[in-house]
file entry.cif (mmCIF, C-alpha atoms and all ligand atoms)
data_my_file
loop_
_atom_site.label_atom_id
_atom_site.label_comp_id
_atom_site.auth_asym_id
_atom_site.auth_seq_id
_atom_site.Cartn_x
_atom_site.Cartn_y
_atom_site.Cartn_z
CA MET A 1 0.00 0.00 0.00
CA THR A 2 1.36 3.41 -0.88
CA GLN A 3 1.70 5.50 2.23
CA ASP A 4 -0.14 8.76 2.42
CA ILE A 5 2.05 11.83 2.84
CA LEU A 6 0.25 13.95 5.39
CA LEU A 7 1.07 17.59 4.79
CA THR A 8 -1.86 18.53 7.00
CA PRO A 9 -1.97 20.72 10.11
CA GLY A 10 -3.02 17.85 12.35
CA PRO A 11 -2.82 15.01 12.53
CA THR A 12 0.80 14.98 11.44
CA PRO A 13 2.95 11.90 10.61
CA LEU A 14 4.24 9.74 13.47
CA PRO A 15 7.94 8.85 13.84
CA PRO A 16 8.66 5.08 14.07
CA GLU A 17 9.79 5.57 17.70
CA VAL A 18 6.36 6.96 18.55
CA ARG A 19 4.52 4.19 16.71
CA GLU A 20 6.60 1.61 18.56
CA ALA A 21 5.80 3.25 21.90
CA LEU A 22 2.08 3.24 21.08
CA ALA A 23 2.20 -0.49 20.39
CA ARG A 24 3.66 -1.46 23.78
CA PRO A 25 1.51 -3.34 26.33
CA ILE A 26 -0.44 -0.87 28.43
CA ILE A 27 0.49 -0.17 32.03
CA HIS A 28 -1.86 0.94 34.81
CA HIS A 29 -2.09 4.64 35.49
CA ARG A 30 -2.36 4.43 39.29
CA THR A 31 1.14 3.04 39.76
CA GLY A 32 4.48 4.48 40.75
CA GLN A 33 5.87 3.47 37.37
CA TYR A 34 3.27 5.54 35.53
CA ARG A 35 3.51 8.50 37.88
CA ALA A 36 7.28 8.67 37.34
CA LEU A 37 6.75 8.58 33.58
CA PHE A 38 4.00 11.23 33.79
CA LYS A 39 6.30 13.47 35.83
CA ARG A 40 9.15 13.12 33.32
CA THR A 41 6.94 13.89 30.35
CA LEU A 42 5.47 16.99 31.99
CA GLN A 43 8.98 18.21 32.75
CA GLY A 44 9.78 17.71 29.08
CA MET A 45 6.67 19.67 28.18
CA GLN A 46 7.90 22.55 30.37
CA THR A 47 11.04 22.68 28.22
CA VAL A 48 9.01 22.53 25.01
CA MET A 49 6.55 25.17 26.23
CA GLN A 50 9.45 27.28 27.56
CA THR A 51 8.01 27.69 31.03
CA SER A 52 9.13 26.98 34.58
CA LYS A 53 5.47 26.59 35.64
CA PRO A 54 3.80 23.18 35.92
CA VAL A 55 2.06 21.94 32.79
CA ILE A 56 -1.44 20.47 33.01
CA CYS A 57 -2.29 17.50 30.76
CA PHE A 58 -5.85 16.69 29.63
CA THR A 59 -7.16 13.63 27.84
CA SER A 60 -8.85 15.63 25.08
CA SER A 61 -8.16 17.25 21.77
CA GLY A 62 -6.76 20.79 21.78
CA THR A 63 -10.18 22.39 22.05
CA GLY A 64 -10.60 20.74 25.47
CA ALA A 65 -7.75 22.87 26.77
CA MET A 66 -9.25 25.97 25.11
CA GLU A 67 -12.53 25.30 26.89
CA ALA A 68 -10.66 24.67 30.15
CA ALA A 69 -9.02 28.09 29.82
CA VAL A 70 -12.34 29.87 29.34
CA VAL A 71 -14.27 28.15 32.15
CA ASN A 72 -11.47 28.26 34.67
CA LEU A 73 -10.26 31.82 34.15
CA LEU A 74 -13.57 33.60 33.65
CA SER A 75 -16.97 33.85 35.31
CA PRO A 76 -20.33 34.61 33.67
CA GLY A 77 -20.61 38.34 33.03
CA ASP A 78 -16.83 38.88 32.87
CA GLU A 79 -15.44 40.81 29.94
CA ALA A 80 -12.80 39.33 27.60
CA ILE A 81 -11.06 40.52 24.45
CA VAL A 82 -10.84 38.08 21.56
CA ILE A 83 -8.45 38.70 18.66
CA LEU A 84 -10.08 37.36 15.49
CA GLY A 85 -8.57 36.55 12.09
CA GLY A 86 -9.54 32.96 11.36
CA LYS A 87 -11.58 29.90 12.21
CA PHE A 88 -9.60 29.02 15.34
CA ALA A 89 -9.64 32.55 16.73
CA GLU A 90 -13.41 32.48 16.20
CA ARG A 91 -13.52 29.37 18.41
CA TRP A 92 -12.36 31.52 21.35
CA GLU A 93 -15.27 33.86 20.70
CA ARG A 94 -17.79 31.00 20.55
CA LEU A 95 -16.44 29.43 23.73
CA CYS A 96 -16.68 32.74 25.57
CA THR A 97 -20.24 33.30 24.35
CA VAL A 98 -21.34 29.81 25.39
CA TYR A 99 -20.09 30.46 28.93
CA GLY A 100 -21.77 33.84 29.26
CA ILE A 101 -18.64 35.95 28.90
CA THR A 102 -19.07 39.42 27.41
CA THR A 103 -16.72 39.39 24.45
CA VAL A 104 -15.07 42.34 22.80
CA THR A 105 -13.73 41.24 19.43
CA ILE A 106 -10.85 42.74 17.49
CA PRO A 107 -11.63 42.16 13.81
CA VAL A 108 -8.74 40.99 11.65
CA ALA A 109 -9.07 40.22 7.93
CA TYR A 110 -8.37 36.60 6.96
CA GLY A 111 -4.75 36.35 5.87
CA GLU A 112 -3.63 39.25 8.06
CA ALA A 113 -2.04 39.34 11.52
CA VAL A 114 -3.52 41.54 14.23
CA LYS A 115 -1.86 44.93 14.63
CA PRO A 116 -0.56 45.06 18.21
CA GLN A 117 -1.84 48.62 18.45
CA ALA A 118 -5.39 47.30 18.01
CA VAL A 119 -4.88 45.16 21.10
CA SER A 120 -3.57 48.12 23.03
CA ASP A 121 -6.59 50.21 21.93
CA ALA A 122 -9.04 47.49 22.95
CA LEU A 123 -7.40 47.18 26.37
CA GLY A 124 -7.60 50.95 26.78
CA ALA A 125 -11.29 51.00 25.85
CA HIS A 126 -12.09 47.99 28.06
CA PRO A 127 -10.03 48.36 31.21
CA ASN A 128 -12.13 45.74 33.01
CA ALA A 129 -11.35 42.97 30.53
CA LYS A 130 -10.03 40.00 32.47
CA ALA A 131 -8.46 38.14 29.57
CA VAL A 132 -7.15 38.56 26.03
CA PHE A 133 -7.50 35.49 23.82
CA ALA A 134 -4.97 35.22 20.98
CA THR A 135 -3.78 32.64 18.47
CA LEU A 136 -0.08 32.03 17.79
CA CYS A 137 -0.47 30.30 14.42
CA GLU A 138 -3.93 30.79 12.95
CA THR A 139 -3.97 27.46 11.18
CA SER A 140 -6.92 28.37 8.96
CA THR A 141 -5.02 31.24 7.28
CA GLY A 142 -1.38 30.28 7.88
CA VAL A 143 -0.72 33.53 9.75
CA VAL A 144 1.54 33.79 12.78
CA ASN A 145 0.63 36.61 15.16
CA GLU A 146 3.09 38.92 16.89
CA ILE A 147 2.69 37.46 20.36
CA PRO A 148 5.66 39.25 22.03
CA ALA A 149 4.17 42.67 21.22
CA ILE A 150 0.67 41.55 22.26
CA ALA A 151 2.07 40.16 25.53
CA ALA A 152 3.91 43.40 26.28
CA MET A 153 0.67 45.37 25.88
CA THR A 154 -1.43 42.94 27.87
CA ARG A 155 1.09 43.00 30.72
CA LYS A 156 0.34 46.70 31.24
CA SER A 157 -3.32 45.85 31.92
CA ARG A 158 -5.08 43.67 34.48
CA ALA A 159 -5.95 41.10 31.81
CA VAL A 160 -4.22 37.77 31.38
CA LEU A 161 -3.04 36.72 27.92
CA VAL A 162 -4.20 33.30 26.76
CA VAL A 163 -2.50 31.96 23.63
CA ASP A 164 -3.71 29.11 21.44
CA ALA A 165 -0.39 27.55 20.42
CA ILE A 166 -2.01 24.28 19.35
CA SER A 167 -0.46 24.33 15.90
CA GLY A 168 2.20 26.97 16.61
CA LEU A 169 4.16 25.16 19.30
CA LEU A 170 7.49 23.81 17.96
CA ALA A 171 6.85 25.47 14.60
CA ASP A 172 6.85 29.14 15.57
CA GLU A 173 8.72 30.65 18.50
CA CYS A 174 6.66 30.59 21.71
CA GLN A 175 8.64 31.89 24.70
CA THR A 176 5.98 31.51 27.37
CA ASP A 177 7.82 32.89 30.40
CA ALA A 178 10.24 35.23 28.64
CA TRP A 179 7.45 36.97 26.71
CA GLY A 180 5.11 36.98 29.70
CA ILE A 181 2.30 34.84 28.28
CA ASP A 182 0.01 33.90 31.18
CA VAL A 183 -1.62 30.83 29.65
CA VAL A 184 -0.55 28.67 26.70
CA VAL A 185 -2.63 25.78 25.35
CA THR A 186 -1.50 23.14 22.91
CA GLY A 187 -2.41 19.69 21.59
CA SER A 188 -0.64 16.47 20.74
CA GLN A 189 -1.36 15.95 17.05
CA LYS A 190 0.64 18.78 15.48
CA GLY A 191 4.26 19.71 16.24
CA LEU A 192 4.50 17.11 19.00
CA MET A 193 4.28 14.25 16.44
CA LEU A 194 1.68 12.29 18.40
CA PRO A 195 -1.81 11.04 17.61
CA PRO A 196 -4.71 13.28 18.68
CA GLY A 197 -5.79 12.82 22.29
CA LEU A 198 -3.69 14.94 24.61
CA ALA A 199 -3.98 18.64 25.34
CA PHE A 200 -1.65 20.71 27.50
CA MET A 201 -1.90 23.97 29.31
CA SER A 202 0.59 26.10 31.19
CA LEU A 203 -0.52 28.78 33.64
CA ASN A 204 1.45 31.32 35.64
CA ASP A 205 0.55 32.64 39.09
CA ARG A 206 -1.62 35.46 37.71
CA ALA A 207 -3.68 32.90 35.82
CA TRP A 208 -3.97 30.55 38.82
CA ALA A 209 -5.34 33.44 40.89
CA LEU A 210 -8.18 33.77 38.38
CA VAL A 211 -8.78 30.01 38.47
CA ASP A 212 -9.26 30.20 42.24
CA GLN A 213 -11.75 33.09 41.94
CA GLY A 214 -13.66 31.62 38.97
CA LYS A 215 -17.39 30.98 39.29
CA SER A 216 -18.15 29.22 36.00
CA PRO A 217 -19.51 25.68 36.38
CA ARG A 218 -16.82 23.15 35.48
CA PHE A 219 -16.20 19.49 36.12
CA TYR A 220 -13.97 17.51 33.75
CA THR A 221 -11.87 20.59 33.01
CA ASP A 222 -11.72 21.89 36.60
CA LEU A 223 -8.08 22.90 36.89
CA ARG A 224 -8.22 22.78 40.68
CA LEU A 225 -8.64 18.99 40.46
CA TYR A 226 -5.69 18.71 38.07
CA ARG A 227 -3.49 20.86 40.32
CA LYS A 228 -4.35 18.72 43.36
CA ALA A 229 -3.62 15.46 41.50
CA LEU A 230 -0.43 16.89 40.04
CA ALA A 231 1.02 17.25 43.54
CA ASP A 232 1.29 13.43 43.41
CA ASP A 233 2.23 13.34 39.70
CA ASP A 234 -1.26 12.05 39.11
CA THR A 235 -4.39 12.94 37.13
CA PRO A 236 -7.96 13.33 38.44
CA PHE A 237 -9.36 11.11 35.67
CA THR A 238 -7.90 8.23 33.67
CA SER A 239 -4.84 9.35 31.79
CA ALA A 240 -4.39 8.53 28.09
CA VAL A 241 -1.68 6.08 29.16
CA SER A 242 -0.41 4.91 25.77
CA THR A 243 -0.30 8.40 24.35
CA VAL A 244 1.71 9.59 27.34
CA VAL A 245 4.11 6.67 26.80
CA ALA A 246 4.43 7.84 23.20
CA LEU A 247 4.88 11.43 24.40
CA GLU A 248 8.04 10.35 26.16
CA ALA A 249 9.36 8.90 22.90
CA ALA A 250 8.43 12.07 20.99
CA LEU A 251 10.02 14.31 23.62
CA GLN A 252 13.22 12.30 23.42
CA LEU A 253 13.42 13.04 19.70
CA ILE A 254 12.51 16.70 20.13
CA LEU A 255 14.88 17.37 23.01
CA GLN A 256 17.72 15.51 21.30
CA ARG A 257 17.40 17.91 18.39
CA GLY A 258 16.67 20.85 20.67
CA VAL A 259 13.63 23.12 20.76
CA PRO A 260 15.29 26.05 18.91
CA GLN A 261 16.65 23.66 16.27
CA THR A 262 13.22 22.07 15.81
CA ILE A 263 11.74 25.50 15.17
CA GLN A 264 14.59 26.45 12.81
CA ARG A 265 14.08 23.23 10.90
CA CYS A 266 10.38 23.90 10.56
CA ALA A 267 11.23 27.43 9.34
CA LEU A 268 13.44 25.88 6.66
CA MET A 269 10.62 23.57 5.50
CA ALA A 270 8.32 26.58 5.35
CA GLU A 271 10.82 28.57 3.34
CA ALA A 272 11.17 25.69 0.88
CA ALA A 273 7.40 25.34 0.56
CA ARG A 274 6.96 29.06 -0.04
CA ALA A 275 9.78 29.19 -2.60
CA GLY A 276 8.28 26.21 -4.45
CA VAL A 277 4.78 27.64 -4.46
CA ARG A 278 6.01 30.99 -5.73
CA ALA A 279 8.09 29.31 -8.44
CA LEU A 280 4.87 27.67 -9.64
CA GLY A 281 3.41 31.14 -10.04
CA LEU A 282 1.03 30.92 -7.08
CA LYS A 283 0.46 33.57 -4.43
CA LEU A 284 0.81 33.11 -0.68
CA PHE A 285 -2.31 33.92 1.35
CA ALA A 286 -0.76 34.91 4.68
CA SER A 287 0.82 38.33 5.08
CA ARG A 288 2.84 37.03 8.03
CA PRO A 289 3.35 33.34 7.27
CA SER A 290 3.74 30.77 10.04
CA ASN A 291 6.52 28.19 9.93
CA GLY A 292 3.96 25.46 10.49
CA VAL A 293 1.61 25.84 7.56
CA THR A 294 1.76 27.57 4.18
CA ALA A 295 -1.56 28.91 2.94
CA VAL A 296 -1.75 29.40 -0.81
CA ALA A 297 -4.34 31.26 -2.89
CA VAL A 298 -6.03 29.00 -5.45
CA PRO A 299 -5.32 30.54 -8.88
CA ASP A 300 -8.24 32.11 -10.77
CA GLY A 301 -10.21 29.66 -12.82
CA ILE A 302 -9.11 26.65 -10.77
CA ASP A 303 -11.42 24.73 -8.45
CA GLY A 304 -9.56 24.50 -5.15
CA LYS A 305 -11.38 21.39 -4.00
CA GLN A 306 -10.58 19.60 -7.25
CA LEU A 307 -6.95 20.66 -6.94
CA THR A 308 -6.46 19.15 -3.48
CA LYS A 309 -8.44 16.04 -4.44
CA LEU A 310 -6.18 15.53 -7.46
CA MET A 311 -3.06 15.93 -5.32
CA TYR A 312 -4.32 13.09 -3.16
CA ASP A 313 -5.71 10.83 -5.87
CA ARG A 314 -2.65 11.11 -8.11
CA SER A 315 0.17 11.46 -5.61
CA ARG A 316 -1.23 10.41 -2.20
CA VAL A 317 -0.24 13.82 -0.88
CA MET A 318 -2.82 15.14 1.53
CA VAL A 319 -2.97 18.89 2.01
CA ALA A 320 -5.74 20.86 3.71
CA GLY A 321 -8.33 22.92 1.91
CA GLY A 322 -9.70 26.24 3.07
CA GLN A 323 -12.10 26.31 6.02
CA GLY A 324 -15.42 28.16 6.10
CA GLU A 325 -15.48 31.13 3.73
CA MET A 326 -11.98 30.22 2.57
CA ALA A 327 -13.14 26.84 1.21
CA GLY A 328 -12.07 26.48 -2.41
CA LYS A 329 -10.18 29.79 -2.30
CA ILE A 330 -7.06 28.65 -0.51
CA PHE A 331 -5.30 25.41 0.29
CA ARG A 332 -2.78 24.77 3.03
CA ILE A 333 0.46 22.80 2.99
CA ALA A 334 1.56 21.91 6.50
CA HIS A 335 5.18 21.14 7.33
CA MET A 336 5.13 20.85 11.12
CA GLY A 337 6.31 17.85 13.11
CA TYR A 338 7.75 14.71 11.53
CA ILE A 339 8.11 16.06 8.01
CA ALA A 340 11.18 15.39 5.88
CA PRO A 341 12.53 17.54 3.06
CA ASP A 342 11.43 14.82 0.64
CA ASP A 343 7.84 15.21 1.86
CA VAL A 344 7.87 18.93 1.09
CA VAL A 345 9.37 18.21 -2.33
CA ALA A 346 6.75 15.50 -2.96
CA GLY A 347 4.09 18.06 -2.05
CA LEU A 348 5.43 20.57 -4.54
CA ASP A 349 5.63 17.90 -7.22
CA ALA A 350 2.05 16.78 -6.54
CA LEU A 351 0.92 20.39 -6.71
CA GLU A 352 2.59 20.91 -10.07
CA GLN A 353 1.06 17.72 -11.50
CA ALA A 354 -2.41 18.65 -10.30
CA LEU A 355 -2.14 22.22 -11.61
CA ALA A 356 -0.99 20.95 -15.01
CA GLU A 357 -3.85 18.46 -15.15
CA LEU A 358 -6.30 21.28 -14.47
CA GLY A 359 -4.89 23.21 -17.39
CA CYS A 360 -2.74 25.66 -15.46
CA ARG A 361 0.45 26.60 -17.24
CA VAL A 362 3.35 25.83 -14.95
CA ALA A 363 7.08 25.69 -15.62
CA ALA A 364 7.89 21.96 -15.41
CA GLY A 365 9.85 21.11 -12.27
CA ALA A 366 10.08 24.74 -11.15
CA GLY A 367 8.47 24.20 -7.76
CA VAL A 368 10.55 21.15 -6.90
CA LYS A 369 13.72 22.90 -8.03
CA ALA A 370 13.06 26.02 -5.95
CA GLY A 371 12.14 23.93 -2.90
CA ARG A 372 15.24 21.76 -3.25
CA ALA A 373 17.45 24.83 -3.60
CA VAL A 374 16.29 26.08 -0.19
CA LEU A 375 16.55 22.69 1.49
CA GLY A 376 20.01 22.06 0.02
CA GLN A 377 21.37 25.13 1.80
CA SER A 378 20.97 23.47 5.20
CA ALA A 379 21.05 19.73 4.55
CA SER A 380 22.17 18.88 8.09
CA LEU A 381 19.36 20.90 9.65
CA ALA A 382 16.81 19.41 7.30
CA ALA A 383 17.68 15.75 7.93
CA ARG A 384 14.94 13.76 9.56
C1 LIG B 1 -5.84 22.14 15.43
C2 LIG B 1 -6.13 23.43 16.10
C3 LIG B 1 -7.10 23.56 17.10
C4 LIG B 1 -8.07 22.50 17.45
O1 LIG B 1 -7.61 21.44 17.99
P1 LIG B 1 -8.47 20.09 18.15
O2 LIG B 1 -7.38 19.22 18.58
O3 LIG B 1 -9.08 19.75 16.84
O4 LIG B 1 -9.48 20.32 19.19
C5 LIG B 1 -7.24 24.77 17.72
N1 LIG B 1 -6.51 25.82 17.37
C6 LIG B 1 -5.60 25.77 16.40
C7 LIG B 1 -4.83 26.98 16.05
C8 LIG B 1 -5.38 24.57 15.73
O5 LIG B 1 -4.49 24.49 14.74
#
call {"tool": "encode", "arguments": {"input": "entry.cif", "output": "C-alpha cells", "more": "lines below"}}
Ligand SMILES: *Cc1c(COP(=O)(O)O)cnc(C)c1O
result
Amino acid sequence: MTQDILLTPGPTPLPPEVREALARPIIHHRTGQYRALFKRTLQGMQTVMQTSKPVICFTSSGTGAMEAAVVNLLSPGDEAIVILGGKFAERWERLCTVYGITTVTIPVAYGEAVKPQAVSDALGAHPNAKAVFATLCETSTGVVNEIPAIAAMTRKSRAVLVVDAISGLLADECQTDAWGIDVVVTGSQKGLMLPPGLAFMSLNDRAWALVDQGKSPRFYTDLRLYRKALADDDTPFTSAVSTVVALEAALQLILQRGVPQTIQRCALMAEAARAGVRALGLKLFASRPSNGVTAVAVPDGIDGKQLTKLMYDRSRVMVAGGQGEMAGKIFRIAHMGYIAPDDVVAGLDALEQALAELGCRVAAGAGVKAGRAVLGQSASLAAR
C-alpha cells in the first residue's frame, strides 16, 4: 500500500519511535511506574513550552484545553477581548459566548495578523477585561501573530493573555515565560508528532489566581482537580496512558534535536514550501506566514477542491483545503512535526502535476527545483 504523505496541520505523521511506543503493552495509570513517567513527560513539556510553571495535561483534543481556559479563568458576566482573524480565533469567541462571557472582538481580515496597536486600543477602551485570547499560528489562514508585542501590551493591563499555540508550538517561536504569556494551550497531534488525544496547558501565578476566583460551572476541566492530583504526579481522571508513553518517545526526539533547532528546521521547511509555491506562479495567502503551515491562494479559474483532491488521488499527498469562507479559495500545505525535506518536495511535485492536469500553465519542475534549492542550503538541519 502506498503510504499517504500527510502535509496537514493535524494530525501529522508519526515517527517510528512513537509508533513503537504506542504499540507497547499498556500499564496501569495508578502506579508508581506511571507517575514517574508522567512526571518526566510533563517536565519535558515545560522545556518545550518554555516555562518553569507546571504543565497540566488533559485527555482531550486541543479544544478541550481551550474550553478549560475559558471556564477556569472567567466567570459569567466577565469581559474578555478576543483577537479574530480565522476559524480558530473564532472558536475563542464562541467558547466565551457559550459560557456567558461578554466578548469584545478585534476584527482581523483573513490572511492578516492583528496589529498590536489594536490590542492596546481594545485594552484601553475595556479596562475591566479579564483576559485577552490570541492565536499564535492561525492554522486556517497560515498567519503567525506577533505574540511578544501583544504580551507586552497585555502585561500593562489587568488582563491575562491566553494563547492558542495548538499548531504553533514547535513550529513558531513561543517563549511563554520570557514573553510573559500567562496561559498557553497546545495539543498532541501537530508539532509534537503524536496522535490526537492529549492537550496541554501552562498557567502562571496570575492565571492561577483567576482560576481560584472563577465561578463558572466546570467538572472535567476543573483545573483545581488537576493541580491537586499533580502534587502526586497524578491525574484526576484516567490518563491517556499509551499516548503519554508515546509522548516520552516524541520528547526524546525533540529534546535531542533541541527546541530552537526544531523551530529552525520547521522554518526551513516553510521557506522551501513558499519558494516552491512561488516558483509555480502561485500567491501566498498569509501576510505574516507561520513556519507550520503555508496557505496558498487558489489561482483564478481553478477549483480549489478539485486541486487538493487531485493531489491526493494522483500522488497520495494530503494537504488541507480552506475552512469556512476560505473553502475552495485557498489550500494549506503543513510542514510541522515529523516532516522530511522529501515530503515537502513531494508536495510541490504533486501540486505541479495537479495544476498541469487542471490546465494551469506551470514551468515543469520549477516548484521542486526552488524547494530543493532552499533545502540544500541546510542539509544537516533538514535531515529527519
Ligand atoms: C488544530 C487546532 C485547534 C483545534 O484542535 P483540536 O485538537 O481539533 O481540538 C485549535 N486551534 C488551532 C490553532 C489549531 O491548529
call {"tool": "residues_around", "arguments": {"input": "entry.cif", "residues": "range 6-20 of chain A", "least_positions_apart": "6", "cutoff": "8 Å", "atoms": "all atoms listed in the file", "output": "NGL selection string"}}
result
:A and (139 or 167 or 189-191 or 193-196 or 246-247 or 249-250 or 292-293 or 317-320 or 332-339 or 343-344 or 347)
call {"tool": "atom_distance", "arguments": {"input": "entry.cif", "atom1": "CA of Ala89 in chain A", "atom2": "CA of Thr63 in chain A"}}
result
11.5 Å
call {"tool": "residues_near_ligand", "arguments": {"input": "entry.cif", "ligand": "ligand LIG 1 (chain B)", "cutoff": "9 Å", "atoms": "only C-alpha atoms and all ligand atoms", "output": "PyMOL selection string"}}
result
chain A and resi 9-11+60-66+86-89+91+135-140+164-168+185-190+196-199
call {"tool": "residues_around", "arguments": {"input": "entry.cif", "residues": "Arg274 in chain A", "least_positions_apart": "4", "cutoff": "9 Å", "atoms": "only C-alpha atoms", "output": "PDB file with C-alpha atoms, in the frame of the given file"}}
result
ATOM      1  CA  MET A 269      10.620  23.570   5.500  1.00  0.00           C
ATOM      2  CA  ALA A 270       8.320  26.580   5.350  1.00  0.00           C
ATOM      3  CA  ARG A 278       6.010  30.990  -5.730  1.00  0.00           C
ATOM      4  CA  ALA A 279       8.090  29.310  -8.440  1.00  0.00           C
ATOM      5  CA  LEU A 284       0.810  33.110  -0.680  1.00  0.00           C
ATOM      6  CA  THR A 294       1.760  27.570   4.180  1.00  0.00           C
ATOM      7  CA  VAL A 296      -1.750  29.400  -0.810  1.00  0.00           C
ATOM      8  CA  GLY A 371      12.140  23.930  -2.900  1.00  0.00           C
TER       9      GLY A 371
END
call {"tool": "closest_residue", "arguments": {"input": "entry.cif", "among": "A:Val259, A:Leu310, A:Ile302, A:Ile150", "to": "Gly328 in chain A", "atoms": "only C-alpha atoms"}}
result
A:Ile302
call {"tool": "residues_around", "arguments": {"input": "entry.cif", "residues": "Pro260 in chain A", "least_positions_apart": "3", "cutoff": "12 Å", "atoms": "only C-alpha atoms", "output": "PDB file with C-alpha atoms, in the coordinates of the input"}}
result
ATOM      1  CA  THR A  47      11.040  22.680  28.220  1.00  0.00           C
ATOM      2  CA  VAL A  48       9.010  22.530  25.010  1.00  0.00           C
ATOM      3  CA  MET A  49       6.550  25.170  26.230  1.00  0.00           C
ATOM      4  CA  GLN A  50       9.450  27.280  27.560  1.00  0.00           C
ATOM      5  CA  LEU A 169       4.160  25.160  19.300  1.00  0.00           C
ATOM      6  CA  LEU A 170       7.490  23.810  17.960  1.00  0.00           C
ATOM      7  CA  ALA A 171       6.850  25.470  14.600  1.00  0.00           C
ATOM      8  CA  ASP A 172       6.850  29.140  15.570  1.00  0.00           C
ATOM      9  CA  GLU A 173       8.720  30.650  18.500  1.00  0.00           C
ATOM     10  CA  CYS A 174       6.660  30.590  21.710  1.00  0.00           C
ATOM     11  CA  GLN A 175       8.640  31.890  24.700  1.00  0.00           C
ATOM     12  CA  ILE A 254      12.510  16.700  20.130  1.00  0.00           C
ATOM     13  CA  LEU A 255      14.880  17.370  23.010  1.00  0.00           C
ATOM     14  CA  GLN A 256      17.720  15.510  21.300  1.00  0.00           C
ATOM     15  CA  ARG A 257      17.400  17.910  18.390  1.00  0.00           C
ATOM     16  CA  ILE A 263      11.740  25.500  15.170  1.00  0.00           C
ATOM     17  CA  GLN A 264      14.590  26.450  12.810  1.00  0.00           C
ATOM     18  CA  ARG A 265      14.080  23.230  10.900  1.00  0.00           C
ATOM     19  CA  CYS A 266      10.380  23.900  10.560  1.00  0.00           C
ATOM     20  CA  ALA A 267      11.230  27.430   9.340  1.00  0.00           C
ATOM     21  CA  LEU A 381      19.360  20.900   9.650  1.00  0.00           C
TER      22      LEU A 381
END
call {"tool": "residues_near_point", "arguments": {"input": "entry.cif", "point": "(-0.4, 16.5, 40.1)", "cutoff": "12 Å", "atoms": "all atoms listed in the file", "output": "PyMOL selection string"}}
result
chain A and resi 35-36+38-39+42+54-58+223-237+239
call {"tool": "atom_distance", "arguments": {"input": "entry.cif", "atom1": "CA of Ser290 in chain A", "atom2": "CA of Leu348 in chain A"}}
result
17.9 Å
call {"tool": "build_atoms", "arguments": {"input": "entry.cif", "residues": "range 293-305 of chain A", "atoms": "N, CA, C and O atoms", "output": "PDB file, in the frame of the given file"}}
result
ATOM      1  N   VAL A 293       2.534  26.118   8.663  1.00  0.00           N
ATOM      2  CA  VAL A 293       1.610  25.840   7.560  1.00  0.00           C
ATOM      3  C   VAL A 293       1.669  26.978   6.541  1.00  0.00           C
ATOM      4  O   VAL A 293       1.731  28.144   6.919  1.00  0.00           O
ATOM      5  N   THR A 294       1.702  26.591   5.272  1.00  0.00           N
ATOM      6  CA  THR A 294       1.760  27.570   4.180  1.00  0.00           C
ATOM      7  C   THR A 294       0.401  27.602   3.492  1.00  0.00           C
ATOM      8  O   THR A 294      -0.028  26.601   2.911  1.00  0.00           O
ATOM      9  N   ALA A 295      -0.267  28.749   3.592  1.00  0.00           N
ATOM     10  CA  ALA A 295      -1.560  28.910   2.940  1.00  0.00           C
ATOM     11  C   ALA A 295      -1.340  29.551   1.572  1.00  0.00           C
ATOM     12  O   ALA A 295      -0.584  30.514   1.445  1.00  0.00           O
ATOM     13  N   VAL A 296      -1.984  28.979   0.574  1.00  0.00           N
ATOM     14  CA  VAL A 296      -1.750  29.400  -0.810  1.00  0.00           C
ATOM     15  C   VAL A 296      -3.093  29.763  -1.442  1.00  0.00           C
ATOM     16  O   VAL A 296      -4.090  29.049  -1.257  1.00  0.00           O
ATOM     17  N   ALA A 297      -3.112  30.871  -2.185  1.00  0.00           N
ATOM     18  CA  ALA A 297      -4.340  31.260  -2.890  1.00  0.00           C
ATOM     19  C   ALA A 297      -4.515  30.338  -4.095  1.00  0.00           C
ATOM     20  O   ALA A 297      -3.569  30.088  -4.839  1.00  0.00           O
ATOM     21  N   VAL A 298      -5.727  29.830  -4.275  1.00  0.00           N
ATOM     22  CA  VAL A 298      -6.030  29.000  -5.450  1.00  0.00           C
ATOM     23  C   VAL A 298      -6.071  29.947  -6.661  1.00  0.00           C
ATOM     24  O   VAL A 298      -6.731  30.981  -6.609  1.00  0.00           O
ATOM     25  N   PRO A 299      -5.337  29.620  -7.732  1.00  0.00           N
ATOM     26  CA  PRO A 299      -5.320  30.540  -8.880  1.00  0.00           C
ATOM     27  C   PRO A 299      -6.716  30.690  -9.500  1.00  0.00           C
ATOM     28  O   PRO A 299      -7.547  29.779  -9.417  1.00  0.00           O
ATOM     29  N   ASP A 300      -6.958  31.837 -10.102  1.00  0.00           N
ATOM     30  CA  ASP A 300      -8.240  32.110 -10.770  1.00  0.00           C
ATOM     31  C   ASP A 300      -8.548  31.012 -11.780  1.00  0.00           C
ATOM     32  O   ASP A 300      -7.658  30.545 -12.491  1.00  0.00           O
ATOM     33  N   GLY A 301      -9.789  30.638 -11.820  1.00  0.00           N
ATOM     34  CA  GLY A 301     -10.210  29.660 -12.820  1.00  0.00           C
ATOM     35  C   GLY A 301      -9.983  28.217 -12.398  1.00  0.00           C
ATOM     36  O   GLY A 301     -10.337  27.287 -13.128  1.00  0.00           O
ATOM     37  N   ILE A 302      -9.364  28.023 -11.247  1.00  0.00           N
ATOM     38  CA  ILE A 302      -9.110  26.650 -10.770  1.00  0.00           C
ATOM     39  C   ILE A 302     -10.039  26.363  -9.593  1.00  0.00           C
ATOM     40  O   ILE A 302     -10.262  27.226  -8.746  1.00  0.00           O
ATOM     41  N   ASP A 303     -10.575  25.150  -9.563  1.00  0.00           N
ATOM     42  CA  ASP A 303     -11.420  24.730  -8.450  1.00  0.00           C
ATOM     43  C   ASP A 303     -10.515  24.170  -7.353  1.00  0.00           C
ATOM     44  O   ASP A 303      -9.865  23.143  -7.541  1.00  0.00           O
ATOM     45  N   GLY A 304     -10.473  24.875  -6.241  1.00  0.00           N
ATOM     46  CA  GLY A 304      -9.560  24.500  -5.150  1.00  0.00           C
ATOM     47  C   GLY A 304      -9.796  23.103  -4.623  1.00  0.00           C
ATOM     48  O   GLY A 304      -8.858  22.385  -4.279  1.00  0.00           O
ATOM     49  N   LYS A 305     -11.076  22.715  -4.552  1.00  0.00           N
ATOM     50  CA  LYS A 305     -11.380  21.390  -4.000  1.00  0.00           C
ATOM     51  C   LYS A 305     -10.895  20.299  -4.949  1.00  0.00           C
ATOM     52  O   LYS A 305     -10.386  19.260  -4.520  1.00  0.00           O
TER      53      LYS A 305
END
